[in-house]
Number of protein chains: 2
Amino acid sequence: MDLRHLRYFIAVAEEENIGRAAARLHISQPPLTRQIQQLEEELGVRLFTRTPKGMELTQAGELFLEEARNIRSVVEQATERTQRAGQGKLGRLDIAIFGSGILGTIPRLLLAFRNDYPEVKTVLHTMTKAEQIEALRQRRITVGFNRMLAPLPDLATELVATERLLVAINEHHPLAREESVPFQSLAEHPMVLFPTGARPNFMDKVMRLCEAAGFVPQVSQEVGDAVTGVALVAGGFGVCLVPESVTALTLPGVVFRPLQDAPANASIDLSCLYRADDQSPILSAFLETVRAFRDTQTIETPADIRSATGWDADM
Amino acid sequence: MDLRHLRYFIAVAEEENIGRAAARLHISQPPLTRQIQQLEEELGVRLFTRTPKGMELTQAGELFLEEARNIRSVVEQATERTQRAGQGKLGRLDIAIFGSGILGTIPRLLLAFRNDYPEVKTVLHTMTKAEQIEALRQRRITVGFNRMLAPLPDLATELVATERLLVAINEHHPLAREESVPFQSLAEHPMVLFPTGARPNFMDKVMRLCEAAGFVPQVSQEVGDAVTGVALVAGGFGVCLVPESVTALTLPGVVFRPLQDAPANASIDLSCLYRADDQSPILSAFLETVRAFRDTQTIETPADIRSATGWDADM
DNA sequence: CACGCTCAATACCTTCAAGGTATCGTTTCG
DNA sequence: CGAAACGATACCTTGAAGGTATTGAGCGTG
């Protein structure tokens, strides 16, 4: 049996007349007669009773008509869904984020993607950078978000956002009195550093910046993630350099200050990481959304930073 | 798209290798390659990623595999159900019965049919003989049960059972004292007659029997159906000739007695009526069951009558 | 490094069935 | 009784499914 048989059968059943059905199907009458005969023979069932007026469905034919229409709609839905899946509009995207990735940029990006591709189910996995790379190799995830990425074989990256560095300061700390903090002045205060994970990491970046500025930071504590770091600032452990998006995390007693006379490289990239050989249309769609998102962010920067950094609230 | 495409696609998806899939499908490799290409082109979707090791499903392919398997099973079920319908094993049978038809033979027959063809839904309609004929003409029913059928054009009959006539008598009535009633003696007692419906009817039959025996019955009351007739017997309106199956209806104060020296034709046929041109396999199946049922009834008659007539209970 | 192995893809031929035209046999209706 | 309408049949044409032979690409191994 063939889908053509079903199409023909439905036409004949609906027209109750082989000639009209043939016209509707844009074929001539005899082939249609034969196709119907074939169908009946293959099923071993009389589907029509031939009357001088035309074709009339038998009870079995009546049932088969329902079934045929059902099959037709199931097939239509299947192709339609598959096509949507092929265009990256339907399916599942496994995404890895790092500890403090839930803050700031990433949720807004994910929301934008969800908005453009509502039928793609996004599944978030919290992973360290090393775990992400491993998971990408094993295809357990399709994209990972990260900072401080060294070039990796077989993996490609797409820049999501470039964030300035800010200083997290306890509100009673002397540096909190100024609206911005000279980078040099960090030399004189104990500093909390993070994360302690796989190199190169954000800690290395900070160390290099200090080195370039001609001092070695007084490390009061090393911690695993930004949330812990800011919490220690609240506890009076010292100051802490953080990427801008961490300001989404407001802790009582902590204020964020921009760097004054900051070195040109006092900023850090947030990128997403994916298999270079991955042709998945969902990934393409996601990367496309990332690029669009990055552009809108760049344009909207001024207003965005004012609210995102929480200056108004702190002043 | 074609069901063949789906079959081929499933094979390739399962084997992850065109060569092996081709072997499994008993075709050679190149046509299979082309069919898969065709399918992808028609859908506009890459279903497989070609690797040196073989064929690997894309995400869209994964989805389409599920859909394809689903379609396959839907089609299988459709053909299977249609075939059962074509063999009269699945479907619906609209049956007409007359007022007191719920008594005795018919329910047992229907039960037997239900047992042989559990997936045929039987729908009962209560109709008079005239209504049945009309409904058969309009195809609103497929079979009707009736007594006293004159040959009808376009309609055929099948004998279901031949029932003896019994006399329903009030237990205080003088005739109730004997174990059987001489037909002649009915001449001396008022008689309830039924039904008053379309001729020829059971009333005509009784009149002819009396005429043959040389008397005219004293008609105390004419009623529409057997149930009412027997109820009037209970109320003392006289005796009433009834078909054997009416004994299934036990009313307090009423006993049933066989006829003694009954004329050879003191019996009445229960038949079912159907369109002579009806080729429906369900009807054929039903008529087959009727014939089988009629035979078992004939064989089992002795024991059957003893219990069905209720003699034991009345004696 | 080259050779062979294993894939899928391509080229080209064959065949069978789907589709077309012409015609027939019935039944119905004017 | 002839015309019209309907499905069935006979016979021809063609396109696509299937077959064989071969190519080309990636991998592993001697």
# chains A, B, ... in the order shown; residues from 1 in each chain; ligands from 1
$ interface_residues --of "chain A" --to "chain C" --cutoff "8 Å" --atoms "only C-alpha atoms (C1' of nucleotides)" --output "mmCIF file with all heavy atoms, in the first residue's frame"
data_model
loop_
_atom_site.group_PDB
_atom_site.id
_atom_site.type_symbol
_atom_site.label_atom_id
_atom_site.label_comp_id
_atom_site.auth_asym_id
_atom_site.auth_seq_id
_atom_site.Cartn_x
_atom_site.Cartn_y
_atom_site.Cartn_z
ATOM 1 N N ILE A 27 -5.883 13.035 -13.042
ATOM 2 C CA ILE A 27 -5.500 11.850 -13.806
ATOM 3 C C ILE A 27 -6.756 11.383 -14.534
ATOM 4 O O ILE A 27 -7.842 11.919 -14.323
ATOM 5 C CB ILE A 27 -4.949 10.707 -12.920
ATOM 6 C CG1 ILE A 27 -6.010 10.234 -11.920
ATOM 7 C CG2 ILE A 27 -3.677 11.124 -12.206
ATOM 8 C CD1 ILE A 27 -5.604 9.013 -11.137
ATOM 9 N N SER A 28 -6.607 10.410 -15.409
ATOM 10 C CA SER A 28 -7.785 9.941 -16.130
ATOM 11 C C SER A 28 -8.472 8.828 -15.344
ATOM 12 O O SER A 28 -7.933 8.322 -14.355
ATOM 13 C CB SER A 28 -7.395 9.472 -17.520
ATOM 14 O OG SER A 28 -6.552 8.353 -17.440
ATOM 15 N N PRO A 31 -6.861 4.618 -14.798
ATOM 16 C CA PRO A 31 -5.846 4.326 -13.777
ATOM 17 C C PRO A 31 -6.428 4.380 -12.367
ATOM 18 O O PRO A 31 -6.064 3.576 -11.512
ATOM 19 C CB PRO A 31 -4.815 5.439 -13.965
ATOM 20 C CG PRO A 31 -5.039 5.958 -15.316
ATOM 21 C CD PRO A 31 -6.466 5.737 -15.642
ATOM 22 N N PRO A 52 -24.966 1.856 -10.286
ATOM 23 C CA PRO A 52 -25.033 2.576 -11.569
ATOM 24 C C PRO A 52 -24.828 4.076 -11.384
ATOM 25 O O PRO A 52 -24.419 4.768 -12.305
ATOM 26 C CB PRO A 52 -26.440 2.280 -12.066
ATOM 27 C CG PRO A 52 -26.880 1.081 -11.316
ATOM 28 C CD PRO A 52 -26.183 1.104 -10.021
#
$ interface_residues --of "chain B" --to "chain D" --cutoff "12 Å" --atoms "only C-alpha atoms (C1' of nucleotides)" --output "number ranges by chain"
B: 4-5, 22, 25-35, 38, 50-54
$ write_last_selection --atoms "all heavy atoms" --output "compact mmCIF listing (two decimals), in the first residue's frame"
# COMPACT_ATOMS: atom_id res chain seq x y z
N ARG B 4 7.21 3.75 1.20
CA ARG B 4 8.49 3.08 0.97
C ARG B 4 9.63 3.92 1.53
O ARG B 4 10.53 3.40 2.20
CB ARG B 4 8.71 2.86 -0.53
CG ARG B 4 10.02 2.16 -0.85
CD ARG B 4 10.25 2.06 -2.34
NE ARG B 4 9.92 3.30 -3.00
CZ ARG B 4 8.88 3.48 -3.79
NH1 ARG B 4 8.07 2.48 -4.02
NH2 ARG B 4 8.65 4.65 -4.34
N HIS B 5 9.57 5.24 1.29
CA HIS B 5 10.60 6.12 1.83
C HIS B 5 10.74 5.92 3.34
O HIS B 5 11.84 5.84 3.86
CB HIS B 5 10.25 7.57 1.53
CG HIS B 5 10.37 7.93 0.08
ND1 HIS B 5 11.58 8.15 -0.53
CD2 HIS B 5 9.44 8.07 -0.87
CE1 HIS B 5 11.38 8.43 -1.81
NE2 HIS B 5 10.09 8.40 -2.05
N ALA B 22 20.42 -1.75 3.09
CA ALA B 22 20.02 -2.23 1.76
C ALA B 22 19.87 -3.75 1.79
O ALA B 22 18.90 -4.31 1.26
CB ALA B 22 21.04 -1.80 0.72
N LEU B 25 16.76 -4.74 3.40
CA LEU B 25 15.59 -4.44 2.58
C LEU B 25 15.57 -5.25 1.29
O LEU B 25 14.66 -5.11 0.48
CB LEU B 25 15.58 -2.94 2.24
CG LEU B 25 15.41 -1.99 3.42
CD1 LEU B 25 15.77 -0.56 3.02
CD2 LEU B 25 13.99 -2.04 3.96
N HIS B 26 16.60 -6.08 1.11
CA HIS B 26 16.71 -6.90 -0.10
C HIS B 26 16.76 -6.05 -1.36
O HIS B 26 16.15 -6.40 -2.37
CB HIS B 26 15.57 -7.92 -0.18
CG HIS B 26 15.43 -8.74 1.06
ND1 HIS B 26 16.41 -9.62 1.48
CD2 HIS B 26 14.45 -8.80 1.98
CE1 HIS B 26 16.03 -10.19 2.61
NE2 HIS B 26 14.85 -9.71 2.95
N ILE B 27 17.46 -4.95 -1.28
CA ILE B 27 17.74 -4.17 -2.49
C ILE B 27 19.22 -3.84 -2.45
O ILE B 27 19.91 -4.12 -1.46
CB ILE B 27 16.91 -2.85 -2.58
CG1 ILE B 27 17.23 -1.92 -1.41
CG2 ILE B 27 15.43 -3.15 -2.65
CD1 ILE B 27 16.59 -0.56 -1.52
N SER B 28 19.73 -3.26 -3.52
CA SER B 28 21.15 -2.94 -3.52
C SER B 28 21.36 -1.55 -2.95
O SER B 28 20.41 -0.80 -2.71
CB SER B 28 21.71 -3.05 -4.94
OG SER B 28 21.11 -2.10 -5.76
N GLN B 29 22.61 -1.23 -2.72
CA GLN B 29 22.92 0.00 -1.99
C GLN B 29 22.58 1.29 -2.75
O GLN B 29 22.00 2.22 -2.16
CB GLN B 29 24.40 -0.03 -1.57
CG GLN B 29 24.93 1.27 -1.02
CD GLN B 29 25.79 1.99 -2.06
OE1 GLN B 29 26.61 1.39 -2.74
NE2 GLN B 29 25.60 3.31 -2.16
N PRO B 30 22.91 1.40 -4.05
CA PRO B 30 22.70 2.71 -4.70
C PRO B 30 21.26 3.20 -4.70
O PRO B 30 21.03 4.37 -4.39
CB PRO B 30 23.22 2.47 -6.12
CG PRO B 30 24.21 1.37 -5.97
CD PRO B 30 23.64 0.47 -4.92
N PRO B 31 20.27 2.35 -5.02
CA PRO B 31 18.90 2.86 -4.98
C PRO B 31 18.53 3.39 -3.60
O PRO B 31 17.82 4.40 -3.49
CB PRO B 31 18.05 1.64 -5.32
CG PRO B 31 18.96 0.70 -5.98
CD PRO B 31 20.32 0.97 -5.47
N LEU B 32 19.04 2.73 -2.58
CA LEU B 32 18.71 3.17 -1.23
C LEU B 32 19.30 4.55 -0.97
O LEU B 32 18.63 5.43 -0.43
CB LEU B 32 19.24 2.15 -0.22
CG LEU B 32 18.87 2.41 1.24
CD1 LEU B 32 17.38 2.62 1.41
CD2 LEU B 32 19.35 1.26 2.11
N THR B 33 20.55 4.72 -1.38
CA THR B 33 21.18 6.04 -1.27
C THR B 33 20.29 7.10 -1.91
O THR B 33 20.00 8.14 -1.31
CB THR B 33 22.54 6.04 -1.99
OG1 THR B 33 23.44 5.18 -1.30
CG2 THR B 33 23.13 7.45 -2.05
N ARG B 34 19.81 6.79 -3.13
CA ARG B 34 19.00 7.78 -3.83
C ARG B 34 17.67 8.05 -3.13
O ARG B 34 17.21 9.19 -3.05
CB ARG B 34 18.76 7.33 -5.27
CG ARG B 34 19.60 8.14 -6.26
CD ARG B 34 19.33 7.70 -7.67
NE ARG B 34 19.66 6.30 -7.82
CZ ARG B 34 18.87 5.41 -8.41
NH1 ARG B 34 17.69 5.79 -8.88
NH2 ARG B 34 19.24 4.16 -8.53
N GLN B 35 17.06 6.99 -2.64
CA GLN B 35 15.78 7.17 -1.96
C GLN B 35 15.93 8.08 -0.75
O GLN B 35 15.09 8.94 -0.49
CB GLN B 35 15.20 5.82 -1.53
CG GLN B 35 14.79 4.93 -2.69
CD GLN B 35 13.58 5.48 -3.42
OE1 GLN B 35 12.66 5.97 -2.80
NE2 GLN B 35 13.61 5.41 -4.74
N GLN B 38 16.40 11.58 -1.91
CA GLN B 38 15.09 12.09 -2.33
C GLN B 38 14.26 12.55 -1.14
O GLN B 38 13.67 13.63 -1.14
CB GLN B 38 14.31 10.99 -3.04
CG GLN B 38 14.32 11.09 -4.53
CD GLN B 38 13.54 9.93 -5.11
OE1 GLN B 38 12.52 9.50 -4.56
NE2 GLN B 38 14.02 9.41 -6.21
N ARG B 50 26.62 12.31 7.17
CA ARG B 50 27.43 11.22 6.60
C ARG B 50 28.78 11.22 7.28
O ARG B 50 29.51 12.22 7.21
CB ARG B 50 27.61 11.42 5.10
CG ARG B 50 26.48 10.91 4.23
CD ARG B 50 25.23 11.70 4.38
NE ARG B 50 24.23 11.36 3.36
CZ ARG B 50 23.00 11.82 3.35
NH1 ARG B 50 22.59 12.65 4.30
NH2 ARG B 50 22.17 11.45 2.41
N THR B 51 29.13 10.15 7.90
CA THR B 51 30.46 10.03 8.50
C THR B 51 31.18 8.89 7.78
O THR B 51 30.54 8.10 7.10
CB THR B 51 30.36 9.70 10.00
OG1 THR B 51 29.92 8.34 10.13
CG2 THR B 51 29.38 10.61 10.70
N PRO B 52 32.47 8.83 7.94
CA PRO B 52 33.20 7.72 7.30
C PRO B 52 32.72 6.36 7.83
O PRO B 52 32.86 5.35 7.17
CB PRO B 52 34.66 7.97 7.69
CG PRO B 52 34.70 9.40 8.09
CD PRO B 52 33.37 9.77 8.60
N LYS B 53 32.19 6.36 9.03
CA LYS B 53 31.72 5.10 9.60
C LYS B 53 30.33 4.73 9.12
O LYS B 53 29.93 3.57 9.20
CB LYS B 53 31.68 5.20 11.13
CG LYS B 53 33.03 5.38 11.79
CD LYS B 53 32.84 5.52 13.30
CE LYS B 53 34.02 6.24 13.95
NZ LYS B 53 35.33 5.59 13.75
N GLY B 54 29.58 5.69 8.66
CA GLY B 54 28.22 5.38 8.21
C GLY B 54 27.31 6.58 8.31
O GLY B 54 27.75 7.72 8.16
$ select_by_dssp --residues "range 43-127 of chain A" --states "strand (DSSP E)" --output "mmCIF file with N, CA and C atoms, in the first residue's frame"
data_model
loop_
_atom_site.group_PDB
_atom_site.id
_atom_site.type_symbol
_atom_site.label_atom_id
_atom_site.label_comp_id
_atom_site.auth_asym_id
_atom_site.auth_seq_id
_atom_site.Cartn_x
_atom_site.Cartn_y
_atom_site.Cartn_z
ATOM 1 N N PHE A 48 -15.891 -0.373 -1.679
ATOM 2 C CA PHE A 48 -17.027 0.305 -2.310
ATOM 3 C C PHE A 48 -18.010 -0.721 -2.857
ATOM 4 N N THR A 49 -19.259 -0.340 -2.901
ATOM 5 C CA THR A 49 -20.213 -1.093 -3.702
ATOM 6 C C THR A 49 -20.454 -0.265 -4.955
ATOM 7 N N ARG A 50 -20.290 -0.903 -6.103
ATOM 8 C CA ARG A 50 -20.476 -0.208 -7.376
ATOM 9 C C ARG A 50 -21.956 -0.144 -7.697
ATOM 10 N N THR A 51 -22.455 1.033 -7.829
ATOM 11 C CA THR A 51 -23.848 1.209 -8.237
ATOM 12 C C THR A 51 -23.847 1.918 -9.579
ATOM 13 N N GLY A 54 -22.726 5.411 -9.134
ATOM 14 C CA GLY A 54 -21.358 5.714 -8.746
ATOM 15 C C GLY A 54 -20.830 4.732 -7.725
ATOM 16 N N MET A 55 -19.921 5.240 -6.896
ATOM 17 C CA MET A 55 -19.276 4.385 -5.906
ATOM 18 C C MET A 55 -19.829 4.742 -4.530
ATOM 19 N N GLU A 56 -20.160 3.680 -3.785
ATOM 20 C CA GLU A 56 -20.712 3.911 -2.454
ATOM 21 C C GLU A 56 -19.848 3.145 -1.459
ATOM 22 N N LEU A 57 -19.490 3.790 -0.367
ATOM 23 C CA LEU A 57 -18.634 3.125 0.613
ATOM 24 C C LEU A 57 -19.365 1.976 1.296
ATOM 25 N N GLY A 91 13.046 21.536 18.796
ATOM 26 C CA GLY A 91 14.021 20.576 19.275
ATOM 27 C C GLY A 91 14.509 20.933 20.659
ATOM 28 N N ARG A 92 15.745 20.611 20.916
ATOM 29 C CA ARG A 92 16.281 20.746 22.257
ATOM 30 C C ARG A 92 17.716 21.237 22.170
ATOM 31 N N LEU A 93 18.059 22.135 23.050
ATOM 32 C CA LEU A 93 19.417 22.682 23.067
ATOM 33 C C LEU A 93 19.957 22.573 24.484
ATOM 34 N N ASP A 94 21.025 21.803 24.632
ATOM 35 C CA ASP A 94 21.637 21.628 25.947
ATOM 36 C C ASP A 94 22.752 22.651 26.107
ATOM 37 N N ILE A 95 22.624 23.470 27.132
ATOM 38 C CA ILE A 95 23.521 24.601 27.340
ATOM 39 C C ILE A 95 24.207 24.478 28.689
ATOM 40 N N ALA A 96 25.495 24.705 28.711
ATOM 41 C CA ALA A 96 26.209 24.715 29.993
ATOM 42 C C ALA A 96 26.473 26.149 30.417
ATOM 43 N N ILE A 97 26.287 26.426 31.697
ATOM 44 C CA ILE A 97 26.662 27.727 32.241
ATOM 45 C C ILE A 97 27.577 27.484 33.423
ATOM 46 N N VAL A 120 11.979 25.505 20.882
ATOM 47 C CA VAL A 120 13.232 24.835 21.227
ATOM 48 C C VAL A 120 13.349 24.809 22.746
ATOM 49 N N LYS A 121 13.442 23.596 23.245
ATOM 50 C CA LYS A 121 13.530 23.425 24.694
ATOM 51 C C LYS A 121 14.983 23.616 25.101
ATOM 52 N N THR A 122 15.248 24.603 25.926
ATOM 53 C CA THR A 122 16.628 24.818 26.376
ATOM 54 C C THR A 122 16.811 24.159 27.724
ATOM 55 N N VAL A 123 17.880 23.384 27.838
ATOM 56 C CA VAL A 123 18.164 22.679 29.082
ATOM 57 C C VAL A 123 19.494 23.191 29.615
ATOM 58 N N LEU A 124 19.470 23.726 30.816
ATOM 59 C CA LEU A 124 20.685 24.312 31.388
ATOM 60 C C LEU A 124 21.412 23.316 32.273
ATOM 61 N N HIS A 125 22.745 23.301 32.130
ATOM 62 C CA HIS A 125 23.581 22.453 32.974
ATOM 63 C C HIS A 125 24.658 23.341 33.576
ATOM 64 N N THR A 126 24.843 23.267 34.864
ATOM 65 C CA THR A 126 25.911 24.030 35.492
ATOM 66 C C THR A 126 27.183 23.202 35.456
#
$ residues_around --residues "range 242-259 of chain B" --least-positions-apart "6" --cutoff "9 Å" --atoms "only C-alpha atoms (C1' of nucleotides)" --output "PyMOL selection string"
chain B and resi 100-101+103-105+163-172+175-176+178-183+194+202+226-227+229-231+233-235+266-268+305+308-311+314
$ write_last_selection --atoms "N, CA and C atoms" --output "CSV table (one decimal), in the first residue's frame"
chain,number,residue,atom,x,y,z
B,100,SER,N,-42.3,-7.6,22.2
B,100,SER,CA,-42.0,-8.6,23.1
B,100,SER,C,-40.8,-9.5,22.6
B,101,GLY,N,-40.1,-8.9,21.7
B,101,GLY,CA,-38.9,-9.6,21.2
B,101,GLY,C,-37.8,-9.7,22.2
B,103,LEU,N,-38.0,-11.0,24.8
B,103,LEU,CA,-38.2,-12.3,25.5
B,103,LEU,C,-37.6,-13.5,24.8
B,104,GLY,N,-37.1,-14.4,25.5
B,104,GLY,CA,-36.8,-15.7,25.0
B,104,GLY,C,-35.7,-15.9,24.0
B,105,THR,N,-36.0,-16.1,22.8
B,105,THR,CA,-35.1,-16.6,21.8
B,105,THR,C,-34.1,-15.5,21.4
B,163,GLU,N,-41.7,-21.8,17.0
B,163,GLU,CA,-42.2,-21.9,18.3
B,163,GLU,C,-43.6,-22.5,18.4
B,164,ARG,N,-43.8,-23.4,19.3
B,164,ARG,CA,-45.2,-23.9,19.5
B,164,ARG,C,-46.0,-22.8,20.1
B,165,LEU,N,-47.3,-23.0,20.0
B,165,LEU,CA,-48.2,-22.1,20.6
B,165,LEU,C,-48.6,-22.7,22.0
B,166,LEU,N,-48.7,-21.8,23.0
B,166,LEU,CA,-49.1,-22.2,24.3
B,166,LEU,C,-50.3,-21.4,24.7
B,167,VAL,N,-51.1,-21.8,25.7
B,167,VAL,CA,-52.2,-21.0,26.2
B,167,VAL,C,-51.8,-20.4,27.5
B,168,ALA,N,-52.0,-19.1,27.6
B,168,ALA,CA,-51.8,-18.4,28.9
B,168,ALA,C,-53.1,-18.4,29.6
B,169,ILE,N,-53.1,-18.9,30.8
B,169,ILE,CA,-54.4,-19.1,31.6
B,169,ILE,C,-54.2,-18.5,33.0
B,170,ASN,N,-55.3,-17.9,33.5
B,170,ASN,CA,-55.3,-17.5,34.9
B,170,ASN,C,-55.3,-18.7,35.7
B,171,GLU,N,-54.5,-18.7,36.8
B,171,GLU,CA,-54.4,-20.0,37.6
B,171,GLU,C,-55.7,-20.4,38.2
B,172,HIS,N,-56.7,-19.5,38.4
B,172,HIS,CA,-58.0,-19.9,38.9
B,172,HIS,C,-59.0,-20.3,37.8
B,175,LEU,N,-59.6,-24.2,33.0
B,175,LEU,CA,-58.7,-24.9,32.1
B,175,LEU,C,-57.3,-25.1,32.8
B,176,ALA,N,-57.0,-24.2,33.8
B,176,ALA,CA,-55.7,-24.3,34.4
B,176,ALA,C,-55.5,-25.6,35.2
B,178,GLU,N,-55.9,-28.7,34.2
B,178,GLU,CA,-55.4,-29.7,33.3
B,178,GLU,C,-53.9,-29.4,33.0
B,179,GLU,N,-53.2,-30.5,32.7
B,179,GLU,CA,-51.8,-30.3,32.3
B,179,GLU,C,-51.7,-29.8,30.8
B,180,SER,N,-52.7,-30.1,30.0
B,180,SER,CA,-52.7,-29.6,28.7
B,180,SER,C,-54.1,-29.3,28.3
B,181,VAL,N,-54.3,-28.4,27.3
B,181,VAL,CA,-55.6,-27.9,26.9
B,181,VAL,C,-56.0,-28.4,25.5
B,182,PRO,N,-57.1,-29.0,25.4
B,182,PRO,CA,-57.6,-29.4,24.1
B,182,PRO,C,-58.0,-28.1,23.3
B,183,PHE,N,-57.5,-28.1,22.0
B,183,PHE,CA,-57.7,-26.8,21.3
B,183,PHE,C,-59.2,-26.5,21.2
B,194,PHE,N,-53.8,-10.6,20.3
B,194,PHE,CA,-52.8,-9.5,19.9
B,194,PHE,C,-52.0,-10.0,18.8
B,202,PHE,N,-50.1,-12.1,14.1
B,202,PHE,CA,-50.3,-13.3,14.9
B,202,PHE,C,-51.8,-13.5,15.2
B,226,ALA,N,-47.8,-8.7,23.4
B,226,ALA,CA,-47.9,-10.0,24.2
B,226,ALA,C,-47.9,-9.6,25.7
B,227,VAL,N,-47.0,-8.7,26.1
B,227,VAL,CA,-46.9,-8.4,27.5
B,227,VAL,C,-48.3,-7.9,28.0
B,229,GLY,N,-51.2,-8.6,26.7
B,229,GLY,CA,-52.1,-9.7,26.6
B,229,GLY,C,-52.0,-10.6,27.8
B,230,VAL,N,-50.8,-10.9,28.2
B,230,VAL,CA,-50.6,-11.8,29.4
B,230,VAL,C,-51.0,-11.1,30.7
B,231,ALA,N,-50.8,-9.8,30.7
B,231,ALA,CA,-51.2,-9.0,31.9
B,231,ALA,C,-52.8,-9.1,32.0
B,233,VAL,N,-54.6,-11.6,31.0
B,233,VAL,CA,-54.9,-12.9,31.4
B,233,VAL,C,-54.8,-12.9,33.0
B,234,ALA,N,-53.8,-12.3,33.5
B,234,ALA,CA,-53.6,-12.2,34.9
B,234,ALA,C,-54.8,-11.5,35.6
B,235,GLY,N,-55.3,-10.5,34.8
B,235,GLY,CA,-56.5,-9.8,35.3
B,235,GLY,C,-57.8,-10.4,35.1
B,266,ALA,N,-50.1,-25.4,14.5
B,266,ALA,CA,-50.2,-24.6,15.7
B,266,ALA,C,-48.8,-24.2,16.2
B,267,SER,N,-48.1,-23.7,15.3
B,267,SER,CA,-46.7,-23.2,15.6
B,267,SER,C,-46.5,-22.0,14.8
B,268,ILE,N,-45.5,-21.2,15.2
B,268,ILE,CA,-45.3,-19.9,14.5
B,268,ILE,C,-43.8,-19.6,14.4
B,305,ILE,N,-37.2,-26.7,26.3
B,305,ILE,CA,-38.6,-26.3,26.5
B,305,ILE,C,-39.0,-26.5,27.9
B,308,ALA,N,-37.7,-23.5,29.7
B,308,ALA,CA,-38.1,-22.3,29.1
B,308,ALA,C,-39.6,-22.0,29.4
B,309,THR,N,-40.4,-23.1,29.4
B,309,THR,CA,-41.8,-22.9,29.5
B,309,THR,C,-42.2,-22.7,30.9
B,310,GLY,N,-41.4,-23.0,31.8
B,310,GLY,CA,-41.7,-22.8,33.2
B,310,GLY,C,-42.6,-23.8,33.8
B,311,TRP,N,-42.8,-24.9,33.2
B,311,TRP,CA,-43.7,-26.0,33.7
B,311,TRP,C,-43.3,-26.4,35.1
B,314,ASP,N,-44.5,-24.1,37.7
B,314,ASP,CA,-45.9,-24.0,37.9
B,314,ASP,C,-46.6,-25.3,38.5
$ interface_residues --of "chain B" --to "chain A" --cutoff "9 Å" --atoms "only C-alpha atoms" --output "PDB file with C-alpha atoms, in the first residue's frame"
ATOM      1  CA  MET B   1       6.705  11.085  -0.015  1.00  0.00           C
ATOM      2  CA  ASP B   2       5.889   7.482   0.105  1.00  0.00           C
ATOM      3  CA  LEU B   3       5.531   4.734   2.643  1.00  0.00           C
ATOM      4  CA  ARG B   4       8.493   3.085   0.967  1.00  0.00           C
ATOM      5  CA  LEU B  43      11.469  17.414   3.248  1.00  0.00           C
ATOM      6  CA  GLY B  44      14.166  20.038   2.759  1.00  0.00           C
ATOM      7  CA  VAL B  45      15.903  18.658   5.832  1.00  0.00           C
ATOM      8  CA  ARG B  46      19.195  16.863   6.439  1.00  0.00           C
ATOM      9  CA  LEU B  47      18.160  13.686   8.209  1.00  0.00           C
ATOM     10  CA  THR B  49      25.149  13.313   8.801  1.00  0.00           C
ATOM     11  CA  THR B  58      20.646  14.508  12.927  1.00  0.00           C
ATOM     12  CA  GLN B  59      18.354  15.930  15.582  1.00  0.00           C
ATOM     13  CA  ALA B  60      15.666  16.414  12.933  1.00  0.00           C
ATOM     14  CA  GLY B  61      16.299  12.850  11.757  1.00  0.00           C
ATOM     15  CA  LEU B  63      12.477  13.291  15.435  1.00  0.00           C
ATOM     16  CA  PHE B  64      11.507  11.996  12.020  1.00  0.00           C
ATOM     17  CA  GLU B  67       7.303  10.033  13.463  1.00  0.00           C
ATOM     18  CA  ALA B  68       8.049   7.410  10.831  1.00  0.00           C
ATOM     19  CA  ASN B  70       4.422   6.095  14.471  1.00  0.00           C
ATOM     20  CA  ILE B  71       3.104   6.371  10.921  1.00  0.00           C
ATOM     21  CA  VAL B  74      -0.880   3.736  12.418  1.00  0.00           C
ATOM     22  CA  VAL B  75      -0.966   2.316   8.901  1.00  0.00           C
ATOM     23  CA  GLN B  77      -3.486  -0.756  12.601  1.00  0.00           C
ATOM     24  CA  ALA B  78      -5.631   0.848   9.922  1.00  0.00           C
ATOM     25  CA  THR B  79      -5.237  -2.064   7.514  1.00  0.00           C
ATOM     26  CA  GLU B  80      -5.739  -4.582  10.238  1.00  0.00           C
ATOM     27  CA  ARG B  81      -8.918  -2.932  11.481  1.00  0.00           C
ATOM     28  CA  THR B  82     -10.237  -2.516   7.958  1.00  0.00           C
ATOM     29  CA  GLN B  83      -9.613  -6.173   7.242  1.00  0.00           C
ATOM     30  CA  ARG B  84     -11.455  -7.195  10.369  1.00  0.00           C
ATOM     31  CA  ALA B  85     -14.293  -4.901   9.315  1.00  0.00           C
ATOM     32  CA  GLY B  86     -14.272  -6.539   5.878  1.00  0.00           C
ATOM     33  CA  GLN B  87     -14.628  -9.943   7.474  1.00  0.00           C
ATOM     34  CA  GLY B  88     -17.588  -8.781   9.484  1.00  0.00           C
ATOM     35  CA  LEU B  90     -15.587  -5.289  13.445  1.00  0.00           C
ATOM     36  CA  GLY B  91     -18.271  -2.725  13.007  1.00  0.00           C
ATOM     37  CA  ARG B  92     -21.842  -2.072  13.879  1.00  0.00           C
ATOM     38  CA  GLN B 279     -23.661  -7.850   0.765  1.00  0.00           C
ATOM     39  CA  SER B 280     -22.391  -6.630   4.129  1.00  0.00           C
ATOM     40  CA  PRO B 281     -20.035  -9.164   5.684  1.00  0.00           C
ATOM     41  CA  ILE B 282     -21.449  -8.342   9.089  1.00  0.00           C
TER      42      ILE B 282
END
